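Participant: For reference, the file run-v3.cif (mmCIF, C-alpha atoms and all ligand atoms) is included below:
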```cif
data_structure
loop_
_atom_site.label_atom_id
_atom_site.label_comp_id
_atom_site.auth_asym_id
_atom_site.auth_seq_id
_atom_site.Cartn_x
_atom_site.Cartn_y
_atom_site.Cartn_z
CA MET A 242 5.98 3.45 21.47
CA GLN A 243 9.74 3.25 21.09
CA PRO A 244 11.81 6.34 20.37
CA ARG A 245 12.19 7.12 16.71
CA ILE A 246 15.18 8.59 14.96
CA PHE A 247 14.68 11.41 12.49
CA LEU A 248 17.36 11.76 9.83
CA PRO A 249 17.18 13.53 6.49
CA ARG A 250 17.74 11.14 3.66
CA GLN A 251 16.68 10.45 0.12
CA SER A 252 13.74 8.13 -0.31
CA THR A 253 14.83 4.58 -1.08
CA ALA A 254 11.38 3.26 -1.87
CA VAL A 255 11.07 1.32 -5.09
CA ARG A 256 8.73 3.10 -7.44
CA MET A 257 6.49 2.07 -10.28
CA GLY A 258 3.50 3.25 -12.28
CA GLY A 259 2.30 4.44 -15.69
CA LYS A 260 -0.95 4.82 -17.58
CA GLY A 261 -3.19 1.78 -17.65
CA THR A 262 -4.44 0.28 -20.87
CA ARG A 263 -7.79 -0.92 -19.55
CA LYS A 264 -10.87 1.09 -20.36
CA ALA A 265 -10.62 4.61 -19.02
CA MET A 266 -11.64 4.70 -15.39
CA ALA A 267 -11.15 7.30 -12.74
CA VAL A 268 -7.68 8.02 -11.47
CA ARG A 269 -8.33 8.96 -7.87
CA ARG A 270 -6.44 11.11 -5.42
CA VAL A 271 -4.22 9.17 -3.00
CA LEU A 272 -5.09 9.96 0.61
CA THR A 273 -2.28 10.89 3.00
CA LEU A 274 -1.90 11.12 6.78
CA TRP A 275 -0.28 14.53 6.33
CA ASN A 276 1.01 16.97 3.76
CA GLU A 277 4.07 19.19 4.15
CA GLY A 278 2.19 21.66 6.32
CA GLU A 279 -0.33 19.77 8.44
CA LEU A 280 -2.03 16.55 9.42
CA ASN A 281 -4.94 15.40 7.23
CA GLY A 282 -7.76 14.55 9.62
CA GLU A 283 -10.35 13.43 7.09
CA ASP A 284 -7.90 11.30 5.07
CA THR A 285 -6.64 9.75 8.31
CA ARG A 286 -10.14 8.70 9.32
CA ILE A 287 -10.54 6.74 6.05
CA LEU A 288 -6.99 5.31 6.09
CA ARG A 289 -7.52 4.09 9.67
CA ALA A 290 -10.92 2.47 9.08
CA PRO A 291 -10.89 -1.33 8.67
CA SER A 292 -11.95 -2.30 5.14
CA LEU A 293 -14.78 -4.71 4.37
CA GLU A 294 -14.91 -7.92 2.35
CA LYS A 295 -17.53 -8.22 -0.35
CA PRO A 296 -18.84 -11.65 -1.33
CA LEU A 297 -19.22 -12.96 -4.87
CA PRO A 298 -20.67 -12.06 -7.25
CA PHE A 299 -19.13 -8.59 -7.04
CA ASP A 300 -21.62 -5.76 -7.33
CA ALA A 301 -21.24 -2.60 -9.42
CA GLU A 302 -19.61 -0.72 -6.54
CA MET A 303 -16.94 -3.41 -6.19
CA ILE A 304 -16.25 -3.59 -9.92
CA GLU A 305 -15.88 0.19 -10.12
CA ALA A 306 -13.57 0.08 -7.09
CA ILE A 307 -11.39 -2.61 -8.74
CA ARG A 308 -11.10 -0.59 -11.96
CA ASP A 309 -10.37 2.69 -10.19
CA LEU A 310 -7.73 1.09 -8.00
CA TRP A 311 -6.03 -0.49 -11.01
CA GLU A 312 -6.11 2.74 -12.97
CA THR A 313 -4.81 4.86 -10.11
CA PHE A 314 -2.10 2.31 -9.33
CA LEU A 315 -0.84 2.22 -12.92
CA ASP A 316 -0.89 6.01 -13.03
CA ARG A 317 1.52 6.32 -10.10
CA GLU A 318 5.07 5.78 -11.24
CA ASP A 319 6.19 6.06 -7.63
CA SER A 320 4.43 3.00 -6.25
CA VAL A 321 4.80 -0.80 -6.19
CA GLY A 322 1.49 -1.27 -4.45
CA LEU A 323 -1.76 0.51 -3.63
CA ALA A 324 -4.66 -0.45 -1.39
CA ALA A 325 -8.29 0.62 -1.84
CA PRO A 326 -8.50 2.72 1.36
CA GLN A 327 -5.64 4.82 -0.03
CA ILE A 328 -8.03 6.03 -2.74
CA GLY A 329 -10.90 6.49 -0.30
CA ILE A 330 -12.58 3.08 -0.68
CA ASN A 331 -12.86 0.90 2.42
CA LEU A 332 -13.06 -2.42 0.56
CA ARG A 333 -10.55 -5.30 0.83
CA LEU A 334 -8.77 -4.82 -2.44
CA ILE A 335 -5.09 -4.25 -3.32
CA ALA A 336 -3.00 -3.71 -6.46
CA VAL A 337 0.59 -4.96 -6.32
CA ARG A 338 3.59 -5.39 -8.53
CA THR A 339 4.96 -8.87 -7.89
CA ARG A 340 7.74 -9.40 -10.46
CA ASN A 341 10.65 -7.78 -12.33
CA PHE A 342 10.94 -4.82 -9.99
CA ASP A 343 14.02 -3.49 -11.75
CA VAL A 344 12.52 -3.53 -15.25
CA LYS A 345 11.26 -0.14 -16.39
CA GLY A 346 8.43 0.62 -18.81
CA ARG A 347 4.70 1.10 -18.55
CA GLU A 348 3.61 -2.07 -20.31
CA GLN A 349 6.04 -4.23 -18.33
CA ARG A 350 4.70 -2.77 -15.10
CA ARG A 351 1.15 -3.56 -16.12
CA LEU A 352 2.07 -7.15 -17.00
CA ASP A 353 3.91 -7.64 -13.72
CA SER A 354 1.12 -6.36 -11.50
CA GLU A 355 -1.90 -8.04 -9.97
CA ILE A 356 -5.19 -7.13 -8.34
CA LEU A 357 -5.98 -9.15 -5.23
CA VAL A 358 -9.53 -9.03 -3.88
CA ASN A 359 -10.27 -10.14 -0.31
CA PRO A 360 -6.64 -11.25 0.08
CA ARG A 361 -5.78 -13.46 3.05
CA ILE A 362 -2.38 -14.62 4.15
CA THR A 363 -2.85 -18.30 4.89
CA GLN A 364 0.75 -19.17 5.72
CA THR A 365 3.97 -17.38 6.66
CA ARG A 366 7.47 -18.85 6.58
CA GLY A 367 11.00 -17.83 7.45
CA ASP A 368 12.58 -15.36 9.86
CA LEU A 369 11.36 -11.77 9.84
CA VAL A 370 13.45 -9.47 7.62
CA ASN A 371 13.97 -5.74 8.29
CA MET A 372 13.84 -3.29 5.41
CA GLU A 373 12.97 0.37 4.91
CA GLU A 374 9.62 1.02 3.30
CA GLY A 375 7.94 4.12 1.93
CA CYS A 376 4.22 4.67 1.46
CA LEU A 377 2.27 7.09 -0.73
CA SER A 378 0.03 7.79 2.25
CA CYS A 379 2.97 8.74 4.50
CA PRO A 380 4.72 11.25 2.22
CA GLY A 381 8.42 11.82 2.72
CA VAL A 382 8.86 9.11 5.34
CA ASN A 383 10.64 5.78 5.35
CA VAL A 384 10.28 3.30 8.19
CA GLU A 385 12.18 0.11 8.86
CA VAL A 386 9.60 -2.68 8.93
CA SER A 387 9.89 -6.42 9.73
CA ARG A 388 8.12 -8.72 7.28
CA PHE A 389 7.99 -12.43 6.53
CA PRO A 390 10.10 -13.42 3.49
CA GLU A 391 7.56 -15.99 2.32
CA ILE A 392 3.78 -15.96 2.41
CA LYS A 393 0.94 -17.93 0.92
CA VAL A 394 -2.05 -15.87 -0.17
CA ARG A 395 -5.62 -16.75 -0.99
CA ALA A 396 -7.62 -14.15 -2.94
CA PHE A 397 -9.72 -13.43 -6.00
CA ASP A 398 -7.68 -11.92 -8.77
CA ASP A 399 -10.20 -10.36 -11.12
CA GLU A 400 -13.62 -8.77 -11.12
CA LYS A 401 -15.30 -12.06 -11.97
CA GLY A 402 -13.91 -13.64 -8.83
CA LYS A 403 -11.29 -16.04 -10.27
CA LYS A 404 -9.65 -17.80 -7.35
CA LEU A 405 -5.95 -17.43 -6.64
CA ASN A 406 -3.87 -19.45 -4.21
CA LYS A 407 -0.24 -18.53 -4.52
CA ARG A 408 3.10 -18.30 -2.77
CA TYR A 409 5.06 -15.03 -2.85
CA LEU A 410 8.69 -14.51 -1.89
CA ASP A 411 10.94 -11.69 -0.70
CA PHE A 412 10.06 -8.22 -2.04
CA ALA A 413 6.73 -9.33 -3.53
CA ALA A 414 5.80 -10.88 -0.17
CA ARG A 415 6.79 -7.60 1.51
CA VAL A 416 4.68 -5.48 -0.82
CA ILE A 417 1.62 -7.68 -0.25
CA GLN A 418 2.03 -7.62 3.54
CA HIS A 419 2.33 -3.81 3.38
CA GLU A 420 -0.84 -3.47 1.30
CA ILE A 421 -2.88 -5.93 3.39
CA ASP A 422 -1.93 -3.87 6.46
CA HIS A 423 -3.72 -0.93 4.81
CA LEU A 424 -6.93 -3.00 4.73
CA ASP A 425 -6.74 -3.22 8.52
CA GLY A 426 -6.02 0.50 8.90
CA LYS A 427 -2.35 -0.11 9.66
CA LEU A 428 0.48 1.94 8.12
CA ILE A 429 4.27 1.84 8.25
CA VAL A 430 4.34 4.54 10.96
CA ASP A 431 2.64 2.03 13.29
CA TYR A 432 5.77 -0.16 13.31
CA GLU A 433 8.41 0.33 15.95
CA GLY A 434 11.41 0.58 13.61
CA PRO A 435 13.42 3.75 13.00
CA VAL A 436 11.71 6.50 10.99
CA TYR A 437 13.54 8.59 8.41
CA ALA A 438 12.16 11.85 7.05
CA PRO A 439 13.59 14.83 5.15
CA LYS A 440 13.77 18.08 7.10
CA LYS A 441 10.71 19.67 5.52
CA TYR A 442 8.56 16.90 6.99
CA HIS A 443 10.08 16.85 10.48
CA ASN A 444 7.53 19.13 12.15
CA VAL A 445 4.42 17.51 10.73
CA VAL A 446 5.70 13.97 11.33
CA GLN A 447 6.67 14.89 14.87
CA SER A 448 3.18 16.28 15.50
CA PHE A 449 1.76 13.05 14.06
CA PHE A 450 3.65 11.01 16.66
CA ASP A 451 2.79 13.54 19.38
CA ASN A 452 -0.85 12.76 18.54
CA SER A 453 -0.06 9.05 19.07
CA GLY A 454 -0.58 8.40 15.38
CA SER A 455 -4.28 9.21 15.40
CA LEU A 456 -6.52 12.27 15.14
ZN ZN B 501 1.30 2.10 1.86
#
```
Once more with this new file: its structure as structure tokens, please.
Facilitator:
Amino acid sequence: MQPRIFLPRQSTAVRMGGKGTRKAMAVRRVLTLWNEGELNGEDTRILRAPSLEKPLPFDAEMIEAIRDLWETFLDREDSVGLAAPQIGINLRLIAVRTRNFDVKGREQRRLDSEILVNPRITQTRGDLVNMEEGCLSCPGVNVEVSRFPEIKVRAFDDEKGKKLNKRYLDFAARVIQHEIDHLDGKLIVDYEGPVYAPKKYHNVVQSFFDNSGSL
């Protein structure tokens, strides 16, 4: 692991969220590798576990997972993406905002977001681009991460299993790559880029890296 630099700075992550308008489903707690005081062993175990694909037709467990992920995602104004393991569900399922990142408002956010089930990146293009990312599961921390600027994704995009085959560019491509990483138990702290954290998180983040990123 390369040395990491710790500097206090304001979070630069792009945020989103708001209440969903689908039928009321459970808003779940977002799991984190640590809180301000200590590492979260149980959450880490779930966040690190590889998530499973479920075949069509989706069963009741999968449909509930899709609805809970959507609801929790829309409820978090501080997120542009959320993956199922972040709410304690090890299924291959992500919610992402893919358009109009600068436009505020709950309804707009809902319209600009998608659910991707069993997402697979089938093609990558362009030179890797570095950018700082934040993650709800790594509170307080930003990490510089290299991502492809263009990807092609195959997935299902609703609970009935409607097929999607689509190209995503730039920030949308970045968000999707970040969320698919979660499905493989990978988080931004696993990348080798510089890490930035405010002072109150220095000790716990340092102990995370002293534990080699696992518990
Ligand atoms: Zn994340």
Participant: Please measure the separation of CA of Arg350 in chain A and CA of Asn406 in chain A, giving the value in Å to one decimal.
Facilitator: 21.7 Å
Participant: Let me see if you get this right: every residue at most 9 Å from ligand ZN 501 (chain B), counting all atoms listed in the file, written as a list in words.
Facilitator: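 So, counting all atoms listed in the file, the residues near ligand ZN 501 (chain B) are Ser320, Gly322, Leu323, Ala324, Gln327, Glu374, Gly375, Cys376, Leu377, Ser378, Cys379, Val416, His419, Glu420, Asp422, His423, Lys427, Leu428 and Ile429 of chain A.
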Participant: Please save C-alpha atoms of the selected residues as a compact mmCIF listing (two decimals), in the frame of the given file.
Facilitator:
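This is the output file out25.txt:
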```txt
# COMPACT_ATOMS: atom_id res chain seq x y z
CA SER A 320 4.43 3.00 -6.25
CA GLY A 322 1.49 -1.27 -4.45
CA LEU A 323 -1.76 0.51 -3.63
CA ALA A 324 -4.66 -0.45 -1.39
CA GLN A 327 -5.64 4.82 -0.03
CA GLU A 374 9.62 1.02 3.30
CA GLY A 375 7.94 4.12 1.93
CA CYS A 376 4.22 4.67 1.46
CA LEU A 377 2.27 7.09 -0.73
CA SER A 378 0.03 7.79 2.25
CA CYS A 379 2.97 8.74 4.50
CA VAL A 416 4.68 -5.48 -0.82
CA HIS A 419 2.33 -3.81 3.38
CA GLU A 420 -0.84 -3.47 1.30
CA ASP A 422 -1.93 -3.87 6.46
CA HIS A 423 -3.72 -0.93 4.81
CA LYS A 427 -2.35 -0.11 9.66
CA LEU A 428 0.48 1.94 8.12
CA ILE A 429 4.27 1.84 8.25
```
Participant: Anything within 12 Å of (-1.3, -1.8, -12.9): list those residues as a ChimeraX atom specification, counting only C-alpha atoms and sticking to the file's coordinates.
Facilitator: /A:257-263,268,307-318,320-323,335-339,346-357
Participant: Against range 380-396 of chain A, which residues of range 255-365 of chain A fall within 6 Å? For each one I want the closest pair of atoms and the distance in Å (one decimal), counting all atoms listed in the file, rows by chain and increasing residue number, as CSV.
Facilitator:
```
residue,atom,partner,partner_atom,distance
A:Leu357,CA,A:Ala396,CA,5.7
A:Val358,CA,A:Ala396,CA,5.5
A:Asn359,CA,A:Ala396,CA,5.5
A:Pro360,CA,A:Ala396,CA,4.3
A:Arg361,CA,A:Arg395,CA,5.2
A:Ile362,CA,A:Val394,CA,4.5
A:Thr363,CA,A:Lys393,CA,5.5
A:Gln364,CA,A:Lys393,CA,5.0
A:Thr365,CA,A:Ile392,CA,4.5
```
Participant: Could you dump the residues just selected with C-alpha atoms as a PDB file, in the frame of the given file?
Facilitator:
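The new file out-v7.pdb reads:
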```pdb
ATOM      1  CA  LEU A 357      -5.980  -9.150  -5.230  1.00  0.00           C
ATOM      2  CA  VAL A 358      -9.530  -9.030  -3.880  1.00  0.00           C
ATOM      3  CA  ASN A 359     -10.270 -10.140  -0.310  1.00  0.00           C
ATOM      4  CA  PRO A 360      -6.640 -11.250   0.080  1.00  0.00           C
ATOM      5  CA  ARG A 361      -5.780 -13.460   3.050  1.00  0.00           C
ATOM      6  CA  ILE A 362      -2.380 -14.620   4.150  1.00  0.00           C
ATOM      7  CA  THR A 363      -2.850 -18.300   4.890  1.00  0.00           C
ATOM      8  CA  GLN A 364       0.750 -19.170   5.720  1.00  0.00           C
ATOM      9  CA  THR A 365       3.970 -17.380   6.660  1.00  0.00           C
TER      10      THR A 365
END
```
Participant: Taking 3 positions as the minimum chain separation for residues in the same chain, which residues sit within 9 Å of Gly329 in chain A when counting all atoms listed in the file? Answer as a PyMOL selection string.
Facilitator: chain A and resi 269-272+284+287-288+325-326
